[in-house]
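Next comes target_33.cif, with mmCIF, C-alpha atoms.
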```cif
data_entry
loop_
_atom_site.group_PDB
_atom_site.id
_atom_site.type_symbol
_atom_site.label_atom_id
_atom_site.label_comp_id
_atom_site.auth_asym_id
_atom_site.auth_seq_id
_atom_site.Cartn_x
_atom_site.Cartn_y
_atom_site.Cartn_z
ATOM 1 C CA MET A 66 4.070 102.576 193.649
ATOM 2 C CA ILE A 67 5.549 101.335 190.387
ATOM 3 C CA MET A 68 7.254 104.147 188.499
ATOM 4 C CA PRO A 69 7.276 104.289 184.697
ATOM 5 C CA LYS A 70 10.682 103.955 183.056
ATOM 6 C CA PHE A 71 12.275 104.912 179.781
ATOM 7 C CA THR A 72 15.275 103.298 178.141
ATOM 8 C CA CYS A 73 18.408 105.322 177.411
ATOM 9 C CA PRO A 74 20.231 104.856 174.084
ATOM 10 C CA ASP A 75 22.703 102.497 175.786
ATOM 11 C CA GLY A 76 19.911 100.303 177.154
ATOM 12 C CA LEU A 77 19.933 101.484 180.772
ATOM 13 C CA ALA A 78 16.526 102.118 182.344
ATOM 14 C CA VAL A 79 15.637 105.353 184.155
ATOM 15 C CA ALA A 80 12.584 105.719 186.396
ATOM 16 C CA TYR A 81 10.581 108.927 186.279
ATOM 17 C CA ARG A 82 7.345 110.526 187.393
ATOM 18 C CA THR A 83 5.148 113.357 186.138
ATOM 19 C CA SER A 84 2.484 115.177 188.131
ATOM 20 C CA GLY A 85 0.499 118.387 188.066
ATOM 21 C CA GLN A 86 -0.494 120.438 185.060
ATOM 22 C CA GLY A 87 0.718 123.491 183.198
ATOM 23 C CA THR A 88 4.040 124.442 181.661
ATOM 24 C CA PRO A 89 6.784 121.812 182.107
ATOM 25 C CA LEU A 90 9.125 122.065 185.096
ATOM 26 C CA LEU A 91 11.983 119.580 185.444
ATOM 27 C CA LEU A 92 13.251 119.098 189.009
ATOM 28 C CA LEU A 93 16.821 117.835 189.529
ATOM 29 C CA SER A 94 17.907 116.252 192.813
ATOM 30 C CA GLY A 95 21.056 116.333 194.899
ATOM 31 C CA GLN A 96 23.988 113.930 195.018
ATOM 32 C CA GLY A 97 23.142 110.283 195.623
ATOM 33 C CA ASN A 98 19.423 111.040 195.653
ATOM 34 C CA GLY A 99 16.567 110.289 193.325
ATOM 35 C CA MET A 100 13.248 111.982 192.753
ATOM 36 C CA GLY A 101 12.204 111.445 196.387
ATOM 37 C CA TRP A 102 14.411 114.436 197.239
ATOM 38 C CA TRP A 103 11.478 116.605 196.118
ATOM 39 C CA ASP A 104 8.642 114.693 197.794
ATOM 40 C CA PRO A 105 8.126 117.168 200.681
ATOM 41 C CA ILE A 106 7.589 120.166 198.386
ATOM 42 C CA VAL A 107 6.578 118.895 194.944
ATOM 43 C CA ALA A 108 2.972 119.896 195.634
ATOM 44 C CA ASP A 109 4.075 123.545 195.691
ATOM 45 C CA PHE A 110 4.607 123.407 191.921
ATOM 46 C CA GLU A 111 1.862 121.089 190.674
ATOM 47 C CA SER A 112 -0.881 123.702 190.322
ATOM 48 C CA ASP A 113 1.136 125.745 187.829
ATOM 49 C CA HIS A 114 3.406 123.184 186.204
ATOM 50 C CA LEU A 115 3.631 119.721 184.752
ATOM 51 C CA VAL A 116 6.327 118.565 187.166
ATOM 52 C CA ILE A 117 8.882 116.098 185.818
ATOM 53 C CA ARG A 118 11.249 114.156 188.061
ATOM 54 C CA PHE A 119 13.530 111.178 187.588
ATOM 55 C CA ASP A 120 15.911 108.932 189.488
ATOM 56 C CA TYR A 121 19.503 109.428 188.428
ATOM 57 C CA LEU A 122 21.274 106.235 187.453
ATOM 58 C CA GLY A 123 22.308 104.539 190.680
ATOM 59 C CA THR A 124 19.297 105.776 192.662
ATOM 60 C CA GLY A 125 15.690 104.779 193.260
ATOM 61 C CA GLY A 126 14.095 102.725 190.529
ATOM 62 C CA SER A 127 16.766 103.390 187.893
ATOM 63 C CA ASP A 128 19.517 101.002 186.895
ATOM 64 C CA ALA A 129 22.770 101.150 188.850
ATOM 65 C CA PRO A 130 25.718 100.437 186.551
ATOM 66 C CA ALA A 131 29.156 99.782 188.004
ATOM 67 C CA SER A 132 30.625 102.838 186.260
ATOM 68 C CA GLY A 133 29.889 105.649 183.842
ATOM 69 C CA TYR A 134 28.530 108.265 186.259
ATOM 70 C CA SER A 135 28.958 111.895 185.234
ATOM 71 C CA LEU A 136 27.002 115.123 185.358
ATOM 72 C CA GLY A 137 27.037 115.165 181.574
ATOM 73 C CA ARG A 138 25.416 111.736 181.585
ATOM 74 C CA PHE A 139 22.745 112.887 184.024
ATOM 75 C CA ALA A 140 22.067 115.938 181.843
ATOM 76 C CA ASP A 141 21.846 113.766 178.729
ATOM 77 C CA ASP A 142 19.403 111.468 180.530
ATOM 78 C CA ALA A 143 17.271 114.505 181.411
ATOM 79 C CA ALA A 144 17.199 115.537 177.753
ATOM 80 C CA ALA A 145 16.305 111.969 176.758
ATOM 81 C CA LEU A 146 13.429 112.021 179.239
ATOM 82 C CA LEU A 147 12.083 115.214 177.677
ATOM 83 C CA ASP A 148 12.329 113.454 174.305
ATOM 84 C CA HIS A 149 10.453 110.475 175.709
ATOM 85 C CA LEU A 150 7.686 112.738 176.999
ATOM 86 C CA GLY A 151 7.505 114.744 173.779
ATOM 87 C CA ILE A 152 8.488 117.990 175.520
ATOM 88 C CA GLU A 153 10.475 120.435 173.421
ATOM 89 C CA SER A 154 11.701 122.654 176.260
ATOM 90 C CA SER A 155 11.184 122.983 179.988
ATOM 91 C CA ALA A 156 11.884 125.195 182.949
ATOM 92 C CA VAL A 157 14.571 123.534 185.071
ATOM 93 C CA TYR A 158 15.085 123.762 188.850
ATOM 94 C CA GLY A 159 18.069 121.944 190.315
ATOM 95 C CA THR A 160 19.382 122.043 193.866
ATOM 96 C CA SER A 161 22.791 121.014 195.228
ATOM 97 C CA MET A 162 24.312 118.562 192.709
ATOM 98 C CA GLY A 163 21.082 119.017 190.769
ATOM 99 C CA GLY A 164 22.082 122.643 190.267
ATOM 100 C CA LYS A 165 25.252 121.428 188.601
ATOM 101 C CA VAL A 166 23.286 119.014 186.418
ATOM 102 C CA ALA A 167 21.028 121.941 185.508
ATOM 103 C CA GLN A 168 24.078 123.904 184.367
ATOM 104 C CA GLN A 169 25.247 120.974 182.257
ATOM 105 C CA LEU A 170 21.777 120.532 180.745
ATOM 106 C CA ALA A 171 21.613 124.214 179.769
ATOM 107 C CA LEU A 172 25.102 124.013 178.246
ATOM 108 C CA ARG A 173 24.812 120.642 176.476
ATOM 109 C CA HIS A 174 21.185 120.935 175.375
ATOM 110 C CA PRO A 175 20.389 124.669 175.338
ATOM 111 C CA ALA A 176 17.241 124.311 173.244
ATOM 112 C CA ARG A 177 15.671 122.089 175.912
ATOM 113 C CA VAL A 178 15.882 124.707 178.698
ATOM 114 C CA ASN A 179 13.697 127.813 178.612
ATOM 115 C CA SER A 180 14.454 129.078 182.122
ATOM 116 C CA LEU A 181 16.761 128.031 184.912
ATOM 117 C CA VAL A 182 16.706 128.020 188.712
ATOM 118 C CA ILE A 183 19.893 126.906 190.461
ATOM 119 C CA GLY A 184 19.758 126.355 194.217
ATOM 120 C CA CYS A 185 22.480 125.795 196.859
ATOM 121 C CA SER A 186 25.024 124.986 194.170
ATOM 122 C CA SER A 187 28.246 126.320 192.631
ATOM 123 C CA THR A 188 30.254 126.755 189.457
ATOM 124 C CA GLY A 189 32.596 123.978 190.571
ATOM 125 C CA GLY A 190 36.314 123.977 189.944
ATOM 126 C CA PRO A 191 38.999 126.012 191.736
ATOM 127 C CA ASN A 192 36.738 129.057 192.132
ATOM 128 C CA THR A 193 34.233 127.193 194.302
ATOM 129 C CA LEU A 194 34.119 128.108 197.974
ATOM 130 C CA ARG A 195 34.000 124.775 199.769
ATOM 131 C CA MET A 196 32.861 123.703 203.192
ATOM 132 C CA PRO A 197 35.434 123.930 206.007
ATOM 133 C CA LYS A 198 37.768 120.939 206.160
ATOM 134 C CA GLU A 199 36.765 120.148 209.725
ATOM 135 C CA ILE A 200 33.231 119.544 208.461
ATOM 136 C CA SER A 201 34.153 117.568 205.349
ATOM 137 C CA SER A 202 36.418 115.279 207.384
ATOM 138 C CA ARG A 203 33.574 114.479 209.778
ATOM 139 C CA ILE A 204 31.231 113.632 206.883
ATOM 140 C CA ALA A 205 33.698 110.930 205.890
ATOM 141 C CA ASP A 206 33.233 109.278 209.305
ATOM 142 C CA PRO A 207 30.267 106.835 209.178
ATOM 143 C CA ALA A 208 29.695 107.291 212.916
ATOM 144 C CA SER A 209 28.956 111.005 212.601
ATOM 145 C CA LYS A 210 27.829 111.298 209.004
ATOM 146 C CA GLU A 211 24.038 111.158 209.358
ATOM 147 C CA ALA A 212 23.825 113.538 212.317
ATOM 148 C CA LEU A 213 26.194 115.993 210.667
ATOM 149 C CA LEU A 214 24.388 115.892 207.318
ATOM 150 C CA THR A 215 21.076 116.492 209.082
ATOM 151 C CA ASP A 216 22.574 119.517 210.833
ATOM 152 C CA LEU A 217 23.969 120.855 207.558
ATOM 153 C CA MET A 218 20.642 120.431 205.822
ATOM 154 C CA TYR A 219 18.278 121.775 208.486
ATOM 155 C CA SER A 220 18.264 123.971 211.565
ATOM 156 C CA SER A 221 18.002 122.223 214.923
ATOM 157 C CA ALA A 222 14.779 124.112 215.692
ATOM 158 C CA TRP A 223 13.193 122.719 212.530
ATOM 159 C CA THR A 224 14.274 119.104 213.073
ATOM 160 C CA ALA A 225 13.181 119.252 216.720
ATOM 161 C CA GLU A 226 9.613 119.515 215.446
ATOM 162 C CA ARG A 227 10.111 117.052 212.585
ATOM 163 C CA PRO A 228 11.895 113.878 213.666
ATOM 164 C CA GLY A 229 12.395 112.542 210.145
ATOM 165 C CA PRO A 230 13.247 110.548 208.165
ATOM 166 C CA TYR A 231 14.360 113.318 205.813
ATOM 167 C CA ALA A 232 13.968 112.955 202.063
ATOM 168 C CA THR A 233 17.278 114.688 201.332
ATOM 169 C CA LEU A 234 19.369 112.117 203.223
ATOM 170 C CA GLY A 235 18.937 109.280 200.743
ATOM 171 C CA GLU A 236 21.930 107.474 199.286
ATOM 172 C CA ALA A 237 22.744 105.856 196.008
ATOM 173 C CA LYS A 238 21.949 102.146 195.717
ATOM 174 C CA THR A 239 25.460 100.660 195.584
ATOM 175 C CA PRO A 240 28.966 101.630 196.740
ATOM 176 C CA GLN A 241 29.965 102.101 193.092
ATOM 177 C CA ALA A 242 27.030 104.440 192.505
ATOM 178 C CA ARG A 243 27.757 106.438 195.656
ATOM 179 C CA LEU A 244 31.374 106.870 194.610
ATOM 180 C CA GLY A 245 30.336 107.692 191.053
ATOM 181 C CA HIS A 246 27.940 110.395 192.196
ATOM 182 C CA ARG A 247 30.502 111.934 194.539
ATOM 183 C CA ARG A 248 33.213 112.013 191.892
ATOM 184 C CA ALA A 249 30.804 113.406 189.298
ATOM 185 C CA SER A 250 29.722 116.247 191.567
ATOM 186 C CA ASN A 251 33.223 117.038 192.804
ATOM 187 C CA GLY A 252 34.535 117.075 189.241
ATOM 188 C CA HIS A 253 32.131 119.759 188.039
ATOM 189 C CA ASP A 254 33.758 122.919 186.669
ATOM 190 C CA ALA A 255 31.587 125.102 184.437
ATOM 191 C CA TRP A 256 33.303 128.410 185.242
ATOM 192 C CA ASP A 257 34.521 129.055 181.710
ATOM 193 C CA GLN A 258 31.328 127.883 179.990
ATOM 194 C CA LEU A 259 28.586 129.572 181.996
ATOM 195 C CA GLY A 260 28.634 132.722 179.881
ATOM 196 C CA ALA A 261 26.972 130.694 177.127
ATOM 197 C CA ILE A 262 23.754 130.278 179.136
ATOM 198 C CA ALA A 263 21.247 132.617 177.506
ATOM 199 C CA VAL A 264 17.988 131.794 179.319
ATOM 200 C CA PRO A 265 16.591 133.718 182.309
ATOM 201 C CA THR A 266 18.326 132.384 185.412
ATOM 202 C CA LEU A 267 17.631 132.658 189.127
ATOM 203 C CA VAL A 268 20.229 131.611 191.703
ATOM 204 C CA LEU A 269 18.931 130.751 195.178
ATOM 205 C CA HIS A 270 20.880 130.004 198.346
ATOM 206 C CA GLY A 271 20.315 129.743 202.079
ATOM 207 C CA SER A 272 22.138 132.348 204.142
ATOM 208 C CA ASP A 273 23.279 129.732 206.685
ATOM 209 C CA ASP A 274 24.471 127.037 204.267
ATOM 210 C CA LEU A 275 27.770 125.566 205.503
ATOM 211 C CA MET A 276 27.841 122.685 203.037
ATOM 212 C CA VAL A 277 28.008 125.029 200.042
ATOM 213 C CA PRO A 278 28.814 128.513 201.404
ATOM 214 C CA PRO A 279 26.337 131.167 200.213
ATOM 215 C CA ALA A 280 29.032 133.330 198.583
ATOM 216 C CA ASN A 281 28.948 130.735 195.799
ATOM 217 C CA ALA A 282 25.600 132.195 194.708
ATOM 218 C CA ASP A 283 27.173 135.509 193.702
ATOM 219 C CA LEU A 284 30.069 133.744 191.997
ATOM 220 C CA LEU A 285 27.638 131.610 190.014
ATOM 221 C CA ALA A 286 25.367 134.493 189.073
ATOM 222 C CA GLY A 287 28.378 136.546 188.067
ATOM 223 C CA ARG A 288 29.230 134.002 185.378
ATOM 224 C CA ILE A 289 25.709 133.670 183.916
ATOM 225 C CA PRO A 290 24.532 136.711 181.941
ATOM 226 C CA ASN A 291 21.782 138.686 183.698
ATOM 227 C CA ALA A 292 21.269 136.064 186.420
ATOM 228 C CA GLN A 293 19.357 137.118 189.523
ATOM 229 C CA VAL A 294 20.320 136.142 193.090
ATOM 230 C CA ARG A 295 18.022 135.632 196.061
ATOM 231 C CA ILE A 296 19.335 134.652 199.481
ATOM 232 C CA ILE A 297 16.887 132.876 201.795
ATOM 233 C CA PRO A 298 17.393 134.164 205.373
ATOM 234 C CA GLY A 299 18.169 131.390 207.839
ATOM 235 C CA GLY A 300 18.204 128.694 205.166
ATOM 236 C CA ARG A 301 20.694 125.866 205.392
ATOM 237 C CA HIS A 302 21.509 123.492 202.530
ATOM 238 C CA ALA A 303 17.910 122.226 202.301
ATOM 239 C CA TYR A 304 16.508 125.771 202.292
ATOM 240 C CA PHE A 305 13.964 124.655 199.670
ATOM 241 C CA GLU A 306 12.298 122.352 202.203
ATOM 242 C CA GLU A 307 12.754 124.100 205.547
ATOM 243 C CA CYS A 308 12.031 127.547 204.074
ATOM 244 C CA ARG A 309 9.524 126.384 201.474
ATOM 245 C CA GLU A 310 7.006 129.089 202.401
ATOM 246 C CA VAL A 311 9.544 131.654 201.205
ATOM 247 C CA ALA A 312 11.526 129.739 198.584
ATOM 248 C CA SER A 313 8.779 128.078 196.556
ATOM 249 C CA PRO A 314 6.859 131.321 195.906
ATOM 250 C CA ILE A 315 10.098 132.986 194.783
ATOM 251 C CA VAL A 316 10.609 130.210 192.239
ATOM 252 C CA LEU A 317 6.980 130.256 191.105
ATOM 253 C CA ASP A 318 6.940 134.036 190.709
ATOM 254 C CA PHE A 319 10.182 133.995 188.744
ATOM 255 C CA LEU A 320 8.942 131.276 186.402
ATOM 256 C CA ALA A 321 5.564 132.956 185.941
ATOM 257 C CA GLU A 322 7.276 136.186 184.937
ATOM 258 C CA VAL A 323 9.853 134.773 182.545
ATOM 259 C CA LEU A 324 7.580 132.196 180.937
ATOM 260 C CA ALA A 325 4.963 134.870 180.259
ATOM 261 C CA ALA A 326 7.503 137.033 178.418
ATOM 262 C CA PRO A 327 7.769 136.873 174.620
ATOM 263 C CA SER A 328 10.010 133.987 173.589
ATOM 264 C CA ASN A 329 12.543 136.249 171.885
ATOM 265 C CA ASP A 330 13.274 137.945 175.211
ATOM 266 C CA SER A 331 15.380 134.968 176.288
ATOM 267 C CA LYS A 332 17.300 134.513 173.072
#
```
Starting from the file, give its structure as structure tokens.
Amino acid sequence: MIMPKFTCPDGLAVAYRTSGQGTPLLLLSGQGNGMGWWDPIVADFESDHLVIRFDYLGTGGSDAPASGYSLGRFADDAAALLDHLGIESSAVYGTSMGGKVAQQLALRHPARVNSLVIGCSSTGGPNTLRMPKEISSRIADPASKEALLTDLMYSSAWTAERPGPYATLGEAKTPQARLGHRRASNGHDAWDQLGAIAVPTLVLHGSDDLMVPPANADLLAGRIPNAQVRIIPGGRHAYFEECREVASPIVLDFLAEVLAAPSNDSK
């Protein structure tokens, strides 16, 4: 399927897709992944929301420049997409690196975000609780990377019934893009800025996430005024897919409640 594209101010093209109907909901994907990250569960949101997704630069149908990757850039591209679609503000749900992009979008373009859901993510910087070194060193080994990432994303019982391929295991299009995404995500540090986020915020995390330890959820929520935390029992890093029967209704209920409130409640 040919995806529509819009052109960024610097001339780079970004592919996107909209589906469903209702209030806008922008979905932001994880590191090195495009909009396909959400394919397994996007239908959960389409009855209540106009769902907006896009391929970060370096992924999917978007251009893949040799350099210039940053979370700020991804957030600016998200704001430009809302401009392109004529959408003043949107609910935003980002998972993994997408949760960091969501933070940057709310900080750089606060008027464009009316509510925020951050999943399996962190504040970044020195306060982040990181995965054990024995795991991160094995991810760097091409021979063990895919099997290890699969195990970090999903429980073995779940994958035993679903042989894949898995939408969350995509990679950026070029070595430069992969490196750019990794550096952008690893360089995130919003600890000192998160107090400026004034919209209703929900922080979600899987209880069994080893890639981004679940204690990061409380650290993140502690920096964002009045943020709520929900821990998904048994969820690994891709809790949103494996535990969709629990996670998606939590997100939908949260958005239904906050979007129905008078607009001055979130100011």
Q: Check the smallest atom-to-atom distance from each of A:Leu115, A:Val79, A:Val277, A:Ala321 to A:Asp141 using only C-alpha atoms, then report the winner.
A: A:Val79
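Among the candidates A:Ala205, A:Pro230, A:Val166, A:Pro265, the one nearest to A:Leu324 when counting all atoms listed in the file is A:Pro265.
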Sorted by chain and rising residue number, which residues of stretch 196-241 of chain A lie within 12 Å of stretch 95-108 of chain A, and what are their closest atom pairs and distances in Å to one decimal, counting all atoms listed in the file, as a Markdown table?
```
| residue | atom | partner | partner_atom | distance |
| --- | --- | --- | --- | --- |
| A:Met218 | CA | A:Gly95 | CA | 11.7 |
| A:Gly229 | CA | A:Pro105 | CA | 11.4 |
| A:Pro230 | CA | A:Pro105 | CA | 11.2 |
| A:Tyr231 | CA | A:Trp102 | CA | 8.6 |
| A:Ala232 | CA | A:Trp102 | CA | 5.1 |
| A:Thr233 | CA | A:Trp102 | CA | 5.0 |
| A:Leu234 | CA | A:Asn98 | CA | 7.6 |
| A:Gly235 | CA | A:Asn98 | CA | 5.4 |
| A:Glu236 | CA | A:Gly97 | CA | 4.8 |
| A:Ala237 | CA | A:Gly97 | CA | 4.5 |
| A:Lys238 | CA | A:Gly97 | CA | 8.2 |
| A:Thr239 | CA | A:Gly97 | CA | 9.9 |
| A:Pro240 | CA | A:Gly97 | CA | 10.5 |
| A:Gln241 | CA | A:Gly97 | CA | 11.0 |
```
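Between atom CA of A:Cys73 and atom CA of A:Asp148 the interatomic distance comes to 10.6 Å.
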Q | Non-local contacts of A:Val316 (9 Å; all atoms listed in the file; under 3 positions in same chain excluded) as a ChimeraX atom specification | A | /A:158,182,267,269,312-313,319-321
Q: Check what the PyMOL selection byres ((chain A and resi 82) around 9) selects in the file above and give those residues as a VMD selection string.
A: chain A and resid 68 to 70 80 to 81 83 to 84 100 116 to 120
Residue selection dump (C-alpha atoms) as a PDB file, in the coordinates of the input:
```
ATOM      1  CA  MET A  68       7.254 104.147 188.499  1.00  0.00           C
ATOM      2  CA  PRO A  69       7.276 104.289 184.697  1.00  0.00           C
ATOM      3  CA  LYS A  70      10.682 103.955 183.056  1.00  0.00           C
ATOM      4  CA  ALA A  80      12.584 105.719 186.396  1.00  0.00           C
ATOM      5  CA  TYR A  81      10.581 108.927 186.279  1.00  0.00           C
ATOM      6  CA  THR A  83       5.148 113.357 186.138  1.00  0.00           C
ATOM      7  CA  SER A  84       2.484 115.177 188.131  1.00  0.00           C
ATOM      8  CA  MET A 100      13.248 111.982 192.753  1.00  0.00           C
ATOM      9  CA  VAL A 116       6.327 118.565 187.166  1.00  0.00           C
ATOM     10  CA  ILE A 117       8.882 116.098 185.818  1.00  0.00           C
ATOM     11  CA  ARG A 118      11.249 114.156 188.061  1.00  0.00           C
ATOM     12  CA  PHE A 119      13.530 111.178 187.588  1.00  0.00           C
ATOM     13  CA  ASP A 120      15.911 108.932 189.488  1.00  0.00           C
TER      14      ASP A 120
END
```
